[in-house]
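**Student:** Right, I'll just put the structure down here and ask away after.
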Amino acid sequence: MTGRHPLKGLGDVWDAATAPLWALRIRHPVIWRFACSVVLTSLALLGTYFVDPNTNYNMAIAASMSIVILGLSFLTGASGQVSLGNGAFMGVGAFTMAIWANHHTTTPIAVTLVISLAAGGAVGLLIGLPATRLRGPYLAGMTITFALAFPNLLTLFNSWTGGDSGLQLPTLVAAPQWLVDLLGPGASALAPDDMWYADICIVTVGIAFFLMANLFSSRTGRAMRLVRDNEVAAELAGVSLPHARVLAFVVSAAYAGLGGALATIVSNSVSPSTYNLSLSITILSLLVIGGMGTLSGALIGGVIFAYSGSGVTWIVNQTGIDPYGNLATNLSGIIFGALLMVTILIAPFGIAGTTKMLTGRASQKRRAARLLPSRS
Amino acid sequence: MDGFLTSRILSDLLYGVTDGVTISLVALSLVLIWRSTNVLNFAQGAMAMFATYVGMGLLSYNLAYWWCVLISVVAGMALGGLVERTVVRRLYGKPELNPIVVMVGLLLVLESTAAAIWGSTARSLPTPFSFEYWQIGGKPFGLSPFAVFEIIAAVLAAAAIGALFRFTKIGLQLRASALAPEVSRLLGVRVGRMLTLGWVLASGVGALAAVLVSSDISGLTPGVMDTIFVFGFVAAAIGGLESPVGALVVGIALGILDAFITDFWNPNYVTIATLALLVVVLMIRPQGLFSKRIARRV
Amino acid sequence: MIGSRVRQLATVGAAVGLSAGLVLTGLSVGTASASGVPGLTSSSITIGATVPLTGIASPGYNEVAKAARAVFLYVNKKHVAGLRQINYILKDDCYGTPGSGCTGVPNTSTQTNALLSTPGGLFATVGSLGTPTQDSVRALLKSHGTPQLFVNSGSKDWNNPSTYPGLFGFQQSYEVESKILAKYMKTAYAGKKICFLGQSDDFGTDGYQGLTEGGITPANGFATYNVALLAIQGAKYFTPLIRNLQTASCKVVFLDTIPGATAAALGNAKALGFSPQWVISSVGSDPITVNKALKGKGSEVNAVSFAEFPASTDTAANAKLWKTWIVKVLTADKADFPGFTAAKLDGNMVYGASFGVAFVEALKAAGANFTQASFVHLLETTTFNQTPSLVPLQYTSSNHQGLNGGYIDKVKSASSTAVVNPTVYVTNSGVGAVTTAPSKSSGMPSWLK
């Protein structure tokens with residue numbers, strides 16, 4: 001090849017400009033992740049000021065679901081255990097939020113969120129302990145049985161969970177006065193509350209994703225991935241298999257509970273029929289389609305969830321299907337199921353994973369050039 | 001004697017056996033697939049339901065009930081073979097996670113498609129057997145003509161499968177392919193075909209279970225096999241996923257347990273009790289009660 | 001992991017593009033309507049409802065809101081003087097039940113939010129359906145000052161003016177209905193063993209309470225079923241429940257059940273060879289359901305029920321007047337009721353048409369300028385006695401329940417009901433006596449004809 005391509009000069013400028021960022025990323029990963037979290041969260045919060053209330057509402061829903069998906073991503077992606085019961089763990093957190101709020105109306109939201117997280121984790125422990133002895137399909141089957149039994153468990157504790165009717169939060173979680181003032185009198189009546197929901201959820205996502213990123217890269221996270229890939233090697237390395245498995249379950253269930261609590265805040269109510277087997281399957285689908293084992297995959301899954309209703313409506317409108325007919329009602333199930341199958345068969349790493357792989361391959365040579373001498 | 005025959009205990013026992021045989025059939029179909037291809041087919045119930053819709057859809061063309069039953073079972077077998085050939089084939093040798101996720105996806109597709117085509121409202125089938133329980137001295141006895149039909153159909157199906165495996169050459173080949181595929185191949189067994197055949201037979205059994213459940217008073221809906229699939233899995237897991245006998249025995253036992261819990265306690269507690277039972281058994285004996293294999297220890 | 005330059009650029013570009021896109025779409029936020037009252041312009045009013053258009057609660061129930069929509073379309077076409085064009089938006093919340101394509105966060109909140117976000121605002125919700133669904137959005141609607149009118153449910157939750165001033169029910173409470181039925185049962189079934197089977201939520205508890213207040217104590221106590229279990233297990237769930245009634249030799253059974261549960265109960269009873277006198281709540285006594293459960297032999301069943309609207313074979317002048325009008329209105333709405341004939345008219349459609357008529361009459365009375373608050377006040381101070389219901393619709397500042405009476409009817413055939421006792425009774429939710437209605441609905445406003 002003779003002569004340099006003119007654009008290569010620009011490439012070199014870009015490399016030089018981003019070199020200090022790479023240095024930070026490799027040498028001080030935790031600070032890098034913290035900085036990224038803060039920057040991205042702030043940008044998102046800023047965004048909530050400008051968008052319309054409906055988008056904020058959908059973003060809040062997307063955020064709450066992405067936390068649940070991230071939890072399952074850790075369980076399945078990091079430690080290789082399949083759970084078909086995370087919808088139930090989500091329900092644990094959702095009901096804990098509602099029950100606590102009804103009995104202790106003055107607890108700040110942040111505290112109740114942590115309590116719901118803990119409740120999810122506690123139930124995760126209960127399910128995770130017997131699960132350590134189970135493998136693959138047995139484990140999946142046990143979690144599916146739990147998911148099936150969960151609505152019945154709720155009805156069992158009728159007096160706490162409100163029976164068939166479920167529970168409402170005693171008061172609407174309303175935007176604080178400073179936020180209302182910020183938006184001013186010209187804004188629609190909905191705007192402050194929806195923006196507040198989005199903000200709460202975004203901040204929670206920022207914190208939750210930051211912690212998970214650290215956990216994934218930490219010694220514990222590496223140990224779990226070793227357990228997933230090669231149990232004998234893990235045992236030889238001194239990793240306690242049951243401990244690792246149970247921890248994964250607890251973390252995954254805690255995150256699901258946190259997402260459920262956020263969902264209760266956003267919808268102001270909780271009902272037993274929502275947290276059923278169907279939801280658990282949906283969460284798994286979103287995880288696989290978004291991309292297992294990646295942070296962005298969980299976010300993508302959350303967004304798909306929030307907009308799947310309007311997405312299906314759009315498809316129905318474009319194709320002239322009867323919107324009240326059987327096909328329209330069940331279209332989301334057909335699409336999700338088909339996507340789930342196709343994704344595993346063709347692109348098992350989902351949207352995020354596949355994107356990473358495709359764009360990662362082109363850089364083999366560059367990577368070598370950019371590596372700092374003291375690390376490999 | 002009359003008092004005993006119409007007593008609550010005997011009645012519950014009979015209701016339990018009636019329910020249990022369909023659970024057993026589902027459990028048996030899961031075990032057959034597991035033994036032949038080491039896959040837990042999460043879509044088993046949905047495939048059986050779909051086949052039943054196809055078969056029973058022909059009722060509107062004035063086809064008799066029995067023909068529709070036959071077509072449902074055949075459709076189930078065909079669907080099983082198709083799924084094995086096209087989907088499951090690609091999953092052999094891949095991580096354990098993949099078949100689970102794919103079959104769950106198939107479950108979703110089949111249920112939603114059935115609801116899209118035929119709607120979610122329950123369809124009652126023209127079952128030629130009455131649901132009226134026989135009366136002895138004015139009190140109901142625990143069996144109805146339909147219940148007897150269910151029990152006989154299930155027993156015949158299980159016996160036929162058992163005879164096939166034990167007494168025929170094909171059965172021998174099926175067992176050999178599952179136990180030692182490489183050796184079987186060397187001996188001239190078409191292992192690939194045996195895997196497909198395993199799915200075909202299992203799906204036929206599953207479809208029969210769906211036909212029986214749908215012919216009952218609740219009718220046919222897209223979700224009709226959801227709960228019974230989970231109970232079938234529990235029965236298969238407790239019995240041991242490798243053990244057909246275990247599946248049958250535990251299936252009936254589970255049905256009886258559920259009937260007693262429903263009557264003496266509360267229908268709400270059935271799923272909870274089933275979950276508790278599963279957890280307890282798997283903690284004590286993870287390979288299942290009837291399995292001869294050594295426990296997969298952690 | 002170190003990625004490629006392309007990926008970095010793409011990530012940055014996507015972030016920038018997405019933010020810009022969100023900002024641009026966000027800047028076109030809908031503002032309040034010109035008049036300052038949400039959903040109200042000089043020529044139109046925007047209202048909405050969340051109803052189960054699809055899903056397990058939809059058969060039958062989805063016709064209610066469509067019938068109301070037919071009424072609004074009819075008056076819109078007539079261009080009645082002094083009446084704005086009514087824009088009625090229906091959102092499907094599929095009652096949030098499993099296995100019907102609706103999963104995740106309760107749809108009612110999402111759909112109510114979507115209604116509230118309608119460009120130009122929403123004046124009120126009218127005729128939304130369901131007790132748990134509407135309970136879950138009470139606080140939301142209250143915080144936005146949006147009235148929640150004519151909730152389609154007999155719960156007493158809608159009668160709470162001090163906490164929810166904009167919330168109104170429409171039909172009689174379950175308690176009122178059971179009290180009136182109890183009065184009938186005391187004389188008609190004197191000396192017979194009466195048993196009960198009801199839903200496990202306030203539908204059942206209020207119904208049971210009404211029975212006891214009316215002087216009937218069911219011999220088997222408060223026996224219940226659970227809606228979620230029914231949805232999952234189907235009719236088989238009811239077999240042990242009906243068996244218990246049969247073993248107890250109940251001669252009369254009061255079913256406080258939704259249509260699906262009525263079907264399950266009756267179907268199982270037929271299978272068990274159990275045929276008591278059935279008394280069924282108006283909520284679940286639709287003849288089509290009753291007959292389907294009994295495979296066409298419904299008329300043999302003599303199911304007695306309560307009706308707040310005239311029975312389909314009622315020959316009273318007002319009944320015929322409104323029946324003819326409703327058939328005319330529904331036939332004209334070809335989108336919602338294609339190929340409609342008088343034979344297809346059922347109780348759900350009459351219900352929907354009735355609250356449609358009530359809203360239209362209130363809107364006409366409200367005149368040219370009003371607010372959400374003044375509209376609520378109008379409802380509290382007007383008596384609507386020209387509607388299809390048997391008793392007039394009346395609210396006060398301390399009572400937002402709605403209708404408070406009706407008469408006893410029975411299932412006559414696969415599609416019709418007949419009057420059993422033409423005396424119309426009224427009562428309250430509480431220990432007040434059951435008395436003959438002081439006045440009945442009569443006539444139709446001339447501008448509506």
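For the structure tokens, the naming scheme is as follows: chains receive sequential letters (A, B, ...) according to their order of presentation, residues are indexed from 1 within each chain, and ligands are indexed from 1 in presentation order.
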When the cut-off is 7 Å and we count only C-alpha atoms, which residues of chain B are near chain C, given as a PyMOL selection string?
**Tutor:** chain B and resi 131-133+217-218+223+263
**Student:** What are the closest atom pairs, with distances in Å to one decimal, for each residue of chain A lying within 6 Å of chain C, using only C-alpha atoms, rows by chain and rising residue number, as a tab-separated table?
**Tutor:**
residue	atom	partner	partner_atom	distance
A:Phe50	CA	C:Gly26	CA	5.4
A:Val51	CA	C:Gly26	CA	3.6
A:Asp52	CA	C:Gly26	CA	4.7
A:Ser165	CA	C:Pro132	CA	4.7
A:Gln168	CA	C:Ser136	CA	5.9
A:Ser188	CA	C:Thr31	CA	6.0
A:Ser267	CA	C:Ser109	CA	5.5
A:Ser269	CA	C:Ser136	CA	5.4
A:Ser273	CA	C:Thr97	CA	5.9
A:Thr274	CA	C:Gly104	CA	5.7
A:Leu279	CA	C:Gly104	CA	5.9
A:Thr329	CA	C:Gly101	CA	5.6
A:Asn330	CA	C:Gly101	CA	5.0
A:Thr359	CA	C:Arg7	CA	6.0
A:Gly360	CA	C:Gly3	CA	5.4
A:Ser363	CA	C:Ser4	CA	5.1
**Student:** For chain B, which of A:Asn276, A:Gln177, A:Ser116, A:Thr171 is the closest residue, counting only C-alpha atoms?
**Tutor:**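 Selected residue with least distance to chain B: A:Asn276.
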**Student:** If you take only C-alpha atoms and a cut-off of 9 Å, which residues of chain A touch chain B, and what are their nearest atom pairs and distances in Å to one decimal, in chain and number order, as a tab-separated table?
**Tutor:**
residue	atom	partner	partner_atom	distance
A:Thr76	CA	B:Leu97	CA	8.5
A:Gly80	CA	B:Leu97	CA	7.5
A:Gln81	CA	B:Leu97	CA	7.9
A:Val82	CA	B:Leu97	CA	6.8
A:Ile127	CA	B:Val279	CA	8.9
A:Pro130	CA	B:Met283	CA	6.1
A:Ala131	CA	B:Val279	CA	8.4
A:Thr132	CA	B:Val298	CA	7.5
A:Arg133	CA	B:Val298	CA	5.9
A:Leu134	CA	B:Pro286	CA	7.0
A:Arg135	CA	B:Arg296	CA	8.4
A:Gly136	CA	B:Glu96	CA	6.5
A:Pro137	CA	B:Leu40	CA	6.1
A:Tyr138	CA	B:Ala237	CA	7.1
A:Ala140	CA	B:Ile100	CA	8.0
A:Gly141	CA	B:Phe233	CA	7.0
A:Met142	CA	B:Leu278	CA	7.5
A:Ile144	CA	B:Val230	CA	7.4
A:Thr145	CA	B:Leu275	CA	5.9
A:Phe146	CA	B:Leu275	CA	6.4
A:Leu148	CA	B:Thr271	CA	7.1
A:Ala149	CA	B:Thr271	CA	5.0
A:Phe150	CA	B:Ile272	CA	8.0
A:Asn152	CA	B:Asn268	CA	5.7
A:Leu153	CA	B:Ile272	CA	6.9
A:Thr155	CA	B:Asn268	CA	7.6
A:Leu156	CA	B:Asn268	CA	7.3
A:Glu231	CA	B:Val298	CA	8.9
A:Leu241	CA	B:Val298	CA	7.2
A:Pro242	CA	B:Val298	CA	7.5
A:Ser278	CA	B:Leu108	CA	8.8
A:Ile281	CA	B:Val104	CA	7.3
A:Leu284	CA	B:Val101	CA	7.9
A:Ser285	CA	B:Gly105	CA	7.5
A:Val288	CA	B:Val101	CA	8.4
A:Gly325	CA	B:Ala116	CA	8.0
A:Asn326	CA	B:Ala116	CA	4.5
A:Leu327	CA	B:Ala116	CA	4.2
A:Ala328	CA	B:Ala116	CA	7.5
A:Thr329	CA	B:Ala116	CA	7.3
A:Asn330	CA	B:Ser112	CA	5.2
A:Leu331	CA	B:Ser112	CA	7.1
A:Ser332	CA	B:Ser112	CA	8.2
A:Gly333	CA	B:Ser112	CA	5.3
A:Ile334	CA	B:Val109	CA	4.6
A:Ile335	CA	B:Val109	CA	7.5
A:Phe336	CA	B:Gly105	CA	7.5
A:Gly337	CA	B:Gly105	CA	4.2
A:Ala338	CA	B:Val109	CA	6.2
A:Leu339	CA	B:Gly105	CA	7.9
A:Leu340	CA	B:Gly105	CA	5.3
A:Met341	CA	B:Val102	CA	4.9
A:Val342	CA	B:Val102	CA	8.3
A:Thr343	CA	B:Val102	CA	8.9
A:Ile344	CA	B:Asn98	CA	6.6
A:Leu345	CA	B:Arg90	CA	7.4
A:Pro348	CA	B:Asn98	CA	8.5
**Student:** Distance atom CA of A:Leu139-atom CA of A:Gly166, one decimal place?
**Tutor:**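 If I compute the distance from atom CA of A:Leu139 to atom CA of A:Gly166, I get 29.5 Å.
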**Student:** Expressed in Å to a single decimal, how great is the separation between atom CA of B:Ala75 and atom CA of B:Ser177?
**Tutor:**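 Answer for the atom CA of B:Ala75 to atom CA of B:Ser177 separation: 24.6 Å.
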**Student:** Choose the residue, out of C:Tyr88, C:Phe123, C:Phe309, C:Phe254, that has the smallest atom-to-atom separation from C:Ala418; count only C-alpha atoms.
**Tutor:** C:Phe309
**Student:** So which residues of stretch 61-192 of chain B fall under alpha helix (DSSP H) by DSSP, listed as a PyMOL selection string?
**Tutor:** chain B and resi 65-86+97-118+145-167+169-179+181-186+191-192
**Student:** Got a sec: who's within 12 Å of stretch 6-16 of chain B, counting only C-alpha atoms, leaving out chain neighbours fewer than 5 positions off, as an NGL selection string?
**Tutor:** (:B and (1 or 21-24 or 133-144 or 146-148 or 150-151 or 250-264)) or (:C and (236 or 239-240 or 243-244 or 247))
